[in-house]
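Enquirer: For reference, this is coords.txt, and it has compact mmCIF, C-alpha atoms and all ligand atoms.
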# COMPACT_ATOMS: atom_id res chain seq x y z
CA MET A 884 2.03 -177.56 -79.58
CA ALA A 885 4.59 -178.63 -77.00
CA LEU A 886 6.05 -175.50 -75.52
CA ASP A 887 9.26 -175.73 -73.57
CA GLY A 888 8.72 -174.81 -69.92
CA LYS A 889 12.19 -173.42 -69.41
CA ILE A 890 12.05 -171.26 -72.49
CA MET A 891 8.55 -170.07 -71.58
CA ALA A 892 9.75 -169.11 -68.11
CA ALA A 893 12.58 -167.09 -69.62
CA ALA A 894 10.19 -165.55 -72.15
CA LEU A 895 7.81 -164.52 -69.35
CA ARG A 896 10.66 -162.90 -67.43
CA ARG A 897 11.60 -160.86 -70.48
CA TYR A 898 7.97 -160.04 -71.11
CA GLN A 899 7.66 -158.68 -67.59
CA ASP A 900 10.93 -156.75 -68.00
CA GLY A 901 9.52 -155.21 -71.17
CA LYS A 902 6.41 -154.07 -69.33
CA GLU A 903 8.46 -152.60 -66.52
CA SER A 904 10.75 -150.72 -68.84
CA ARG A 905 7.76 -149.27 -70.69
CA GLN A 906 6.35 -148.13 -67.36
CA ALA A 907 9.71 -146.61 -66.41
CA GLU A 908 9.82 -144.80 -69.74
CA LEU A 909 6.35 -143.38 -69.12
CA ASN A 910 7.40 -142.21 -65.65
CA ARG A 911 10.45 -140.55 -67.13
CA ARG A 912 8.34 -138.72 -69.73
CA THR A 913 5.85 -137.63 -67.14
CA ALA A 914 8.57 -136.20 -64.89
CA GLU A 915 10.08 -134.37 -67.86
CA VAL A 916 6.75 -132.85 -68.95
CA TYR A 917 5.81 -131.85 -65.37
CA ARG A 918 9.15 -130.09 -65.02
CA ARG A 919 8.55 -128.10 -68.19
CA LEU A 920 4.83 -127.56 -67.65
CA PRO A 921 4.11 -127.40 -63.90
CA ARG A 922 0.47 -126.46 -64.56
CA LEU A 923 0.03 -129.86 -66.16
CA GLU A 924 0.94 -131.64 -62.97
CA SER A 925 -1.69 -129.76 -61.00
CA ILE A 926 -4.26 -130.44 -63.73
CA ASP A 927 -3.51 -134.16 -63.46
CA ARG A 928 -3.93 -133.97 -59.69
CA GLU A 929 -7.25 -132.12 -60.06
CA LEU A 930 -8.39 -134.62 -62.67
CA ARG A 931 -7.75 -137.50 -60.32
CA GLY A 932 -9.76 -135.58 -57.72
CA THR A 933 -12.74 -134.95 -59.99
CA ALA A 934 -12.72 -138.55 -61.12
CA ALA A 935 -13.02 -139.70 -57.51
CA ARG A 936 -15.70 -137.10 -56.73
CA LEU A 937 -17.64 -138.19 -59.80
CA VAL A 938 -17.81 -141.73 -58.55
CA ILE A 939 -19.01 -140.57 -55.14
CA ALA A 940 -21.55 -138.11 -56.62
CA ALA A 941 -22.98 -140.82 -58.83
CA PHE A 942 -23.90 -142.81 -55.72
CA ASP A 943 -25.14 -139.82 -53.76
CA GLU A 944 -28.87 -139.45 -54.47
CA SER A 945 -29.26 -136.16 -52.55
CA GLY A 946 -26.88 -134.22 -54.83
CA GLY A 947 -28.92 -135.18 -57.87
CA ASP A 948 -27.95 -134.97 -61.49
CA SER A 949 -26.79 -131.38 -61.44
CA ALA A 950 -23.81 -132.14 -59.14
CA VAL A 951 -22.70 -134.93 -61.45
CA LYS A 952 -23.15 -132.69 -64.50
CA ALA A 953 -21.10 -129.90 -62.93
CA LEU A 954 -18.30 -132.29 -62.11
CA GLU A 955 -18.38 -133.68 -65.63
CA ARG A 956 -18.12 -130.17 -67.06
CA GLU A 957 -15.19 -129.41 -64.78
CA ASN A 958 -13.52 -132.65 -65.77
CA LEU A 959 -13.98 -131.93 -69.47
CA SER A 960 -12.63 -128.41 -69.29
CA LEU A 961 -9.58 -129.63 -67.36
CA GLN A 962 -8.97 -132.21 -70.06
CA ARG A 963 -9.23 -129.57 -72.77
CA GLU A 964 -6.80 -127.33 -70.95
CA ARG A 965 -4.46 -130.27 -70.59
CA GLU A 966 -4.54 -131.07 -74.30
CA THR A 967 -3.93 -127.45 -75.23
CA LEU A 968 -1.00 -127.25 -72.82
CA LEU A 969 0.57 -130.41 -74.25
CA ALA A 970 0.07 -129.22 -77.83
CA ARG A 971 1.64 -125.85 -77.04
CA GLY A 972 4.56 -127.62 -75.40
CA GLY A 973 5.06 -129.55 -78.66
CA TYR A 974 3.83 -132.94 -77.36
CA PRO A 975 1.22 -135.23 -78.94
CA TYR A 976 -2.07 -135.16 -76.99
CA ASP A 977 -1.56 -138.75 -75.75
CA TYR A 978 2.11 -138.35 -74.86
CA LEU A 979 1.52 -139.28 -71.22
CA ASP A 980 -1.23 -141.85 -71.73
CA GLU A 981 -0.71 -145.41 -70.66
CA LYS A 982 -1.15 -147.47 -73.82
CA PRO A 983 -0.79 -151.25 -73.79
CA ALA A 984 1.79 -152.47 -76.31
CA CYS A 985 -0.61 -155.26 -77.26
CA ARG A 986 -4.27 -154.49 -77.74
CA LEU A 987 -5.20 -158.15 -77.95
CA CYS A 988 -4.28 -159.01 -74.36
CA GLY A 989 -3.69 -155.61 -72.77
CA ASP A 990 -0.13 -156.75 -72.00
CA SER A 991 -1.19 -159.62 -69.77
CA GLY A 992 0.41 -162.05 -72.24
CA PHE A 993 -2.62 -164.34 -72.24
CA LEU A 994 -5.95 -164.40 -74.00
CA ARG A 995 -9.25 -164.88 -72.22
CA ASP A 996 -9.21 -168.64 -72.87
CA GLY A 997 -5.82 -168.86 -71.15
CA ALA A 998 -3.85 -169.41 -74.35
CA PRO A 999 -0.64 -167.40 -74.70
CA CYS A 1000 -1.14 -164.26 -76.79
CA ARG A 1001 0.72 -163.56 -80.05
CA CYS A 1002 2.87 -160.98 -78.28
CA LEU A 1003 4.04 -163.48 -75.65
CA MET A 1004 4.64 -166.11 -78.34
CA ALA A 1005 6.84 -163.61 -80.19
CA CYS A 1006 8.83 -163.32 -76.96
CA TYR A 1007 9.00 -167.12 -76.74
CA ALA A 1008 10.33 -167.36 -80.31
CA ARG A 1009 12.95 -164.69 -79.62
CA GLU A 1010 14.08 -166.56 -76.52
CA GLN A 1011 14.23 -169.85 -78.42
CA ASN A 1012 16.14 -168.25 -81.29
CA ARG A 1013 18.62 -166.91 -78.80
CA ARG A 1014 19.28 -170.49 -77.71
CA LEU A 1015 19.38 -171.84 -81.26
CA SER A 1016 21.88 -169.12 -82.13
CA LYS A 1017 24.40 -170.56 -79.73
CA LEU A 1018 24.86 -173.42 -82.18
CA LEU A 1019 23.47 -172.12 -85.45
CA ASP A 1020 24.17 -169.00 -87.43
CA LEU A 1021 20.59 -167.74 -87.47
CA GLY A 1022 21.76 -164.21 -88.13
CA SER A 1023 23.15 -164.81 -91.59
CA GLN A 1024 21.72 -168.18 -92.59
CA SER A 1025 18.15 -167.88 -93.83
CA PHE A 1026 16.19 -168.83 -96.93
CA ASP A 1027 16.86 -165.30 -98.19
CA THR A 1028 20.63 -165.72 -98.04
CA PHE A 1029 20.80 -169.33 -99.23
CA SER A 1030 22.47 -169.09 -102.64
CA LEU A 1031 22.21 -171.56 -105.51
CA ASP A 1032 25.30 -170.03 -107.18
CA TRP A 1033 27.58 -172.56 -105.49
CA TYR A 1034 26.07 -175.57 -107.18
CA SER A 1035 27.24 -176.56 -110.66
CA ASP A 1036 24.82 -177.07 -113.53
CA GLN A 1037 26.99 -179.84 -115.01
CA PRO A 1038 25.84 -183.46 -114.63
CA TRP A 1039 27.21 -185.08 -111.51
CA GLY A 1040 28.40 -188.69 -111.39
CA GLY A 1041 25.78 -191.20 -112.31
CA SER A 1042 22.93 -189.26 -110.76
CA GLY A 1043 21.66 -187.88 -114.08
CA ARG A 1044 21.01 -184.59 -112.34
CA SER A 1045 23.30 -181.63 -111.82
CA PRO A 1046 24.02 -180.41 -108.29
CA LEU A 1047 22.11 -177.25 -109.20
CA GLU A 1048 18.98 -179.10 -110.33
CA ASN A 1049 19.19 -181.29 -107.26
CA MET A 1050 19.62 -178.34 -104.92
CA GLU A 1051 16.73 -176.41 -106.47
CA MET A 1052 14.55 -179.36 -105.60
CA VAL A 1053 16.00 -179.77 -102.09
CA LEU A 1054 15.63 -176.07 -101.41
CA GLU A 1055 12.01 -176.08 -102.50
CA ILE A 1056 11.20 -179.08 -100.33
CA CYS A 1057 12.91 -177.49 -97.32
CA ALA A 1058 11.26 -174.09 -97.81
CA ASN A 1059 7.90 -175.78 -98.15
CA TYR A 1060 8.56 -177.89 -95.08
CA ALA A 1061 9.39 -174.80 -93.03
CA HIS A 1062 6.44 -172.70 -94.29
CA LYS A 1063 3.89 -175.44 -93.74
CA PHE A 1064 5.33 -177.04 -90.62
CA GLY A 1065 2.66 -178.60 -88.42
CA GLU A 1066 0.86 -181.72 -87.28
CA ARG A 1067 0.98 -183.27 -90.73
CA SER A 1068 4.63 -182.63 -91.53
CA GLY A 1069 6.96 -185.56 -92.03
CA ASN A 1070 10.61 -186.14 -91.19
CA LEU A 1071 13.68 -185.32 -93.27
CA LEU A 1072 17.08 -186.92 -93.69
CA PHE A 1073 19.85 -184.77 -95.15
CA THR A 1074 22.59 -186.99 -96.49
CA GLY A 1075 25.73 -186.00 -98.38
CA ALA A 1076 29.38 -185.03 -98.35
CA PRO A 1077 30.73 -182.17 -96.21
CA GLY A 1078 30.28 -178.50 -97.09
CA LEU A 1079 27.09 -178.73 -99.12
CA GLY A 1080 24.65 -176.70 -97.05
CA LYS A 1081 23.06 -179.28 -94.76
CA THR A 1082 23.66 -177.31 -91.59
CA PHE A 1083 22.83 -174.08 -93.43
CA LEU A 1084 19.42 -175.42 -94.45
CA SER A 1085 18.86 -176.75 -90.92
CA ALA A 1086 19.34 -173.21 -89.65
CA CYS A 1087 16.88 -171.83 -92.23
CA ILE A 1088 14.22 -174.34 -91.19
CA ALA A 1089 14.90 -173.98 -87.45
CA ARG A 1090 14.44 -170.25 -87.61
CA GLU A 1091 11.25 -170.27 -89.60
CA VAL A 1092 9.58 -173.02 -87.58
CA SER A 1093 10.62 -171.31 -84.35
CA ASP A 1094 9.21 -167.99 -85.54
CA ALA A 1095 5.93 -169.76 -86.22
CA GLY A 1096 5.71 -170.59 -82.51
CA PHE A 1097 6.83 -174.23 -82.42
CA SER A 1098 9.42 -175.60 -80.04
CA VAL A 1099 12.59 -176.37 -81.95
CA VAL A 1100 15.76 -177.99 -80.66
CA TYR A 1101 18.94 -178.20 -82.69
CA ASP A 1102 21.96 -180.17 -81.55
CA THR A 1103 24.80 -182.29 -82.87
CA ALA A 1104 24.53 -186.06 -82.45
CA GLY A 1105 27.67 -185.95 -80.30
CA HIS A 1106 26.13 -183.54 -77.83
CA VAL A 1107 22.83 -185.41 -77.79
CA ILE A 1108 24.65 -188.61 -76.89
CA GLN A 1109 26.66 -186.85 -74.20
CA GLN A 1110 23.46 -185.65 -72.56
CA PHE A 1111 22.05 -189.17 -72.53
CA GLU A 1112 25.31 -190.50 -71.14
CA SER A 1113 25.48 -188.02 -68.29
CA GLY A 1114 21.78 -188.57 -67.68
CA LYS A 1115 22.31 -192.29 -67.41
CA PHE A 1116 25.59 -192.61 -65.60
CA GLY A 1117 25.44 -189.40 -63.59
CA ARG A 1118 28.79 -188.44 -65.09
CA ASP A 1119 30.12 -184.96 -64.79
CA ASN A 1120 28.18 -182.94 -67.25
CA PRO A 1121 30.41 -180.61 -69.21
CA TYR A 1122 27.38 -178.53 -70.20
CA GLU A 1123 25.58 -176.25 -67.87
CA GLU A 1124 22.17 -177.64 -68.72
CA ASP A 1125 20.68 -180.34 -66.58
CA PRO A 1126 20.81 -183.58 -68.65
CA GLU A 1127 17.33 -184.71 -67.64
CA THR A 1128 15.73 -181.52 -68.92
CA GLU A 1129 17.89 -181.61 -72.03
CA ILE A 1130 16.82 -185.19 -72.79
CA ASP A 1131 13.24 -184.16 -72.24
CA ARG A 1132 13.64 -181.38 -74.77
CA TYR A 1133 15.06 -183.84 -77.33
CA LEU A 1134 12.15 -186.18 -76.85
CA LYS A 1135 9.30 -183.68 -76.56
CA CYS A 1136 10.01 -180.70 -78.83
CA ASP A 1137 7.89 -180.18 -81.94
CA LEU A 1138 10.94 -180.27 -84.21
CA LEU A 1139 14.26 -181.87 -83.34
CA ILE A 1140 17.23 -181.37 -85.63
CA VAL A 1141 20.14 -183.76 -85.03
CA ASP A 1142 23.21 -182.71 -86.99
CA ASP A 1143 26.40 -184.63 -87.85
CA LEU A 1144 24.86 -188.02 -87.17
CA GLY A 1145 27.56 -190.66 -87.54
CA THR A 1146 30.47 -188.59 -86.24
CA GLU A 1147 30.08 -189.77 -82.65
CA MET A 1148 32.07 -192.70 -81.37
CA LEU A 1149 30.04 -195.86 -81.84
CA THR A 1150 29.03 -197.98 -78.86
CA SER A 1151 26.00 -200.09 -78.18
CA PHE A 1152 24.78 -197.34 -75.87
CA VAL A 1153 24.96 -194.87 -78.78
CA GLN A 1154 23.01 -197.28 -80.96
CA SER A 1155 20.31 -197.60 -78.34
CA VAL A 1156 20.04 -193.82 -77.90
CA ILE A 1157 19.65 -193.24 -81.64
CA TYR A 1158 17.05 -195.96 -81.85
CA ARG A 1159 15.17 -194.56 -78.90
CA LEU A 1160 15.17 -191.03 -80.29
CA VAL A 1161 14.03 -192.04 -83.76
CA ASN A 1162 11.44 -194.51 -82.53
CA ASP A 1163 10.07 -192.48 -79.63
CA ARG A 1164 9.57 -189.41 -81.78
CA LEU A 1165 7.90 -191.38 -84.55
CA ILE A 1166 5.47 -193.00 -82.15
CA ASN A 1167 4.56 -189.63 -80.70
CA ARG A 1168 4.28 -188.04 -84.14
CA ARG A 1169 6.99 -185.51 -83.41
CA LYS A 1170 9.03 -184.30 -86.33
CA THR A 1171 12.74 -184.89 -86.73
CA ILE A 1172 15.43 -183.81 -89.17
CA LEU A 1173 18.59 -185.91 -89.26
CA SER A 1174 21.71 -184.71 -91.02
CA THR A 1175 24.63 -186.96 -91.89
CA ASN A 1176 27.58 -187.59 -94.20
CA LEU A 1177 26.61 -191.26 -94.35
CA SER A 1178 24.35 -193.00 -96.84
CA VAL A 1179 21.30 -194.83 -95.55
CA ASP A 1180 23.12 -198.14 -96.15
CA LYS A 1181 25.98 -196.94 -93.97
CA LEU A 1182 23.51 -195.77 -91.33
CA GLU A 1183 22.08 -199.27 -91.40
CA GLU A 1184 25.52 -200.79 -90.80
CA ARG A 1185 26.08 -198.37 -87.95
CA TYR A 1186 22.76 -198.22 -86.13
CA GLY A 1187 21.11 -201.40 -87.30
CA GLU A 1188 18.17 -202.47 -89.36
CA ALA A 1189 15.49 -201.12 -87.05
CA VAL A 1190 16.75 -197.55 -87.33
CA ALA A 1191 17.38 -197.81 -91.09
CA SER A 1192 13.94 -199.25 -91.73
CA ARG A 1193 12.28 -196.38 -89.88
CA ILE A 1194 14.32 -193.86 -91.84
CA ARG A 1195 13.54 -195.50 -95.18
CA GLY A 1196 9.86 -195.71 -94.38
CA GLU A 1197 9.16 -192.50 -92.49
CA TYR A 1198 11.73 -189.95 -93.62
CA GLN A 1199 11.95 -188.04 -96.85
CA ILE A 1200 15.55 -188.57 -97.93
CA LEU A 1201 17.27 -185.54 -99.44
CA ARG A 1202 20.64 -186.14 -101.08
CA PHE A 1203 23.24 -183.40 -101.17
CA PHE A 1204 25.99 -183.58 -103.78
CA GLY A 1205 28.34 -181.20 -105.52
CA GLU A 1206 31.57 -179.46 -104.72
CA ASP A 1207 32.47 -178.60 -101.12
CA ILE A 1208 31.36 -174.97 -100.65
CA ARG A 1209 33.85 -174.47 -97.82
CA ILE A 1210 36.65 -175.11 -100.31
CA LEU A 1211 34.99 -173.11 -103.09
CA LYS A 1212 34.66 -170.14 -100.74
CA ARG A 1213 38.25 -170.45 -99.59
CA ASP A 1214 39.55 -170.45 -103.17
CA ARG A 1215 37.42 -167.61 -104.41
N1 LIG B 1 23.70 -172.41 -100.41
C1 LIG B 1 24.66 -171.77 -99.76
N2 LIG B 1 24.84 -170.45 -99.95
C2 LIG B 1 25.83 -169.82 -99.31
N3 LIG B 1 26.69 -170.40 -98.47
C3 LIG B 1 26.56 -171.70 -98.24
C4 LIG B 1 25.55 -172.45 -98.87
N4 LIG B 1 25.64 -173.73 -98.46
C5 LIG B 1 26.67 -173.77 -97.62
N5 LIG B 1 27.24 -172.56 -97.49
C6 LIG B 1 28.40 -172.25 -96.66
O1 LIG B 1 29.33 -173.30 -96.81
C7 LIG B 1 29.83 -173.73 -95.56
C8 LIG B 1 29.44 -175.18 -95.30
O2 LIG B 1 28.03 -175.32 -95.26
P1 LIG B 1 27.32 -176.25 -94.18
O3 LIG B 1 27.94 -176.03 -92.86
O4 LIG B 1 25.87 -176.06 -94.29
O5 LIG B 1 27.76 -177.66 -94.76
P2 LIG B 1 27.29 -179.10 -94.30
O6 LIG B 1 26.63 -179.73 -95.48
O7 LIG B 1 26.54 -179.02 -93.05
O8 LIG B 1 28.71 -179.80 -94.08
P3 LIG B 1 29.14 -180.91 -92.98
O9 LIG B 1 28.63 -182.23 -93.52
O10 LIG B 1 30.62 -180.87 -93.00
O11 LIG B 1 28.55 -180.56 -91.68
C9 LIG B 1 29.27 -172.77 -94.55
O12 LIG B 1 30.20 -171.74 -94.33
C10 LIG B 1 28.04 -172.24 -95.19
O13 LIG B 1 27.77 -170.92 -94.76
MG MG B 2 27.05 -179.50 -91.09
ZN ZN B 3 -0.79 -159.72 -76.45
Write out the structure in this file as structure tokens.
Expert:
Amino acid sequence: MALDGKIMAAALRRYQDGKESRQAELNRRTAEVYRRLPRLESIDRELRGTAARLVIAAFDESGGDSAVKALERENLSLQRERETLLARGGYPYDYLDEKPACRLCGDSGFLRDGAPCRCLMACYAREQNRRLSKLLDLGSQSFDTFSLDWYSDQPWGGSGRSPLENMEMVLEICANYAHKFGERSGNLLFTGAPGLGKTFLSACIAREVSDAGFSVVYDTAGHVIQQFESGKFGRDNPYEEDPETEIDRYLKCDLLIVDDLGTEMLTSFVQSVIYRLVNDRLINRRKTILSTNLSVDKLEERYGEAVASRIRGEYQILRFFGEDIRILKRDR
């Protein structure tokens, strides 16, 4: 799994913030309880004292067992008094205990073998989703909200299939792709007219694959090209991100989704960037989803035979057809 260093750094910062705010919350509770139950504060002080004396007594041979036993008894009775006090004050017995939020890693974020823990990976996914949300509507676009109602069940053109039948199939392939995303996944090409759910389905997949802990980058072809251009020519970069790191993310992420392919102005530089992206990611077995209004034949005219041949051979091609949902929604 190729995690993104920048996102991991941000995730670690938030992880640390989370730990600190839990600690602050515990301090706040403790102060509140001590104010209401002053006896509790002195018990806690005494308990810290007996704990220290216990350690010393255990090493001191002259005192013998009886000194240790006495201290243990004292310690136990203080703990009982403490529990009773808390219960009478209406607090749970462990109200002031320091409990790690994650029992797997004790809130260190890493397992013993050095791998990031589930809890840190959840933080990573949240951070990544925050970034994806700048361009995608992850809040409202998910497999749960994707509706088949917009696709007609009447035969469409010469395809022999209705938009509904077609979309049921596309949806199943996409849902499957997202659920089972991994080493052995392939690549997808979404092709079809505007307003048919291509970007919507990209968002559904992006979110699910990101939640599973993979690095996911979504961008429009236009923006991708711009990053390569500013990387190459050192042009003023209209985006805040550093082009070199952005290009690295495009090339190295587990899943790259390039939307609106074919809308960018065509130059030979653009052709070479698209070729490089498609080819580089195939060679390194990284998964890509391309989304376009153009047919594969038109893509061939635009980007050349080498790109088209890779798409035909290595991508599952999903056709989108039907009535433009943007217009249907407007007229409803
Ligand atoms: N299956 C669906 N259920 C509900 N709303 C949908 C569905 N598909 C698309 N929409 C809505 O229709 C509009 C267009 O969808 P989307 O942006 O996914 O189209 P697109 O295929 O990417 O079009 P374009 O080629 O122009 O980029 C959006 O507002 C989207 O929320
Ligand atoms: Mg779109
Ligand atoms: Zn953990």
Enquirer: Residues at most 9 Å from Ile1208 in chain A, counting only C-alpha atoms, excluding those fewer than 4 positions away in the same chain, as a list of chain:residue names?
Expert: A:Trp1033, A:Tyr1034, A:Pro1077, A:Gly1078, A:Leu1079, A:Gly1080, A:Lys1212, A:Arg1213
Enquirer: Could you tell me, counting all atoms listed in the file, which protein and nucleic acid residues lie no more than 10 Å from ligand LIG 1 (chain B), written as number ranges by chain?
Expert: A: 1019-1020, 1023-1034, 1050, 1054, 1073-1086, 1103, 1142-1144, 1146, 1174-1177, 1203-1204, 1207-1213
Enquirer: Just the number, please: distance in Å from CA of Gly1096 in chain A to CA of Arg1193 in chain A, one decimal.
Expert: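 Between CA of Gly1096 in chain A and CA of Arg1193 in chain A the gap is 27.6 Å.
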Enquirer: Could you list, as a VMD selection string, every residue within 8 Å of Cys1057 in chain A, counting all atoms listed in the file and ignoring same-chain residues fewer than 4 positions away?
Expert: chain A and resid 1053 1061 1084 1088
Enquirer: If you measure from CA of Asp927 in chain A to CA of Lys952 in chain A, what distance in Å do you get, rounded to one decimal?
Expert: 19.7 Å
Enquirer: Kindly provide, as a list in words, all nucleotide and amino acid residues lying within 8 Å of ligand ZN 3 (chain B), counting all atoms listed in the file.
Expert: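 Using all atoms listed in the file, everything at most 8 Å from ligand ZN 3 (chain B) comes to Ala984, Cys985, Arg986, Leu987, Cys988, Gly989, Asp990, Ser991, Gly992, Phe993, Leu994, Pro999, Cys1000, Arg1001, Cys1002 and Leu1003 of chain A.
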Enquirer: Between A:Leu1018, A:Leu1047, A:Ala1095, A:Leu961, which is the closest to ligand MG 2 (chain B) once you count all atoms listed in the file?
Expert: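 When distances to ligand MG 2 (chain B) are compared using all atoms listed in the file, the smallest one comes from A:Leu1018.
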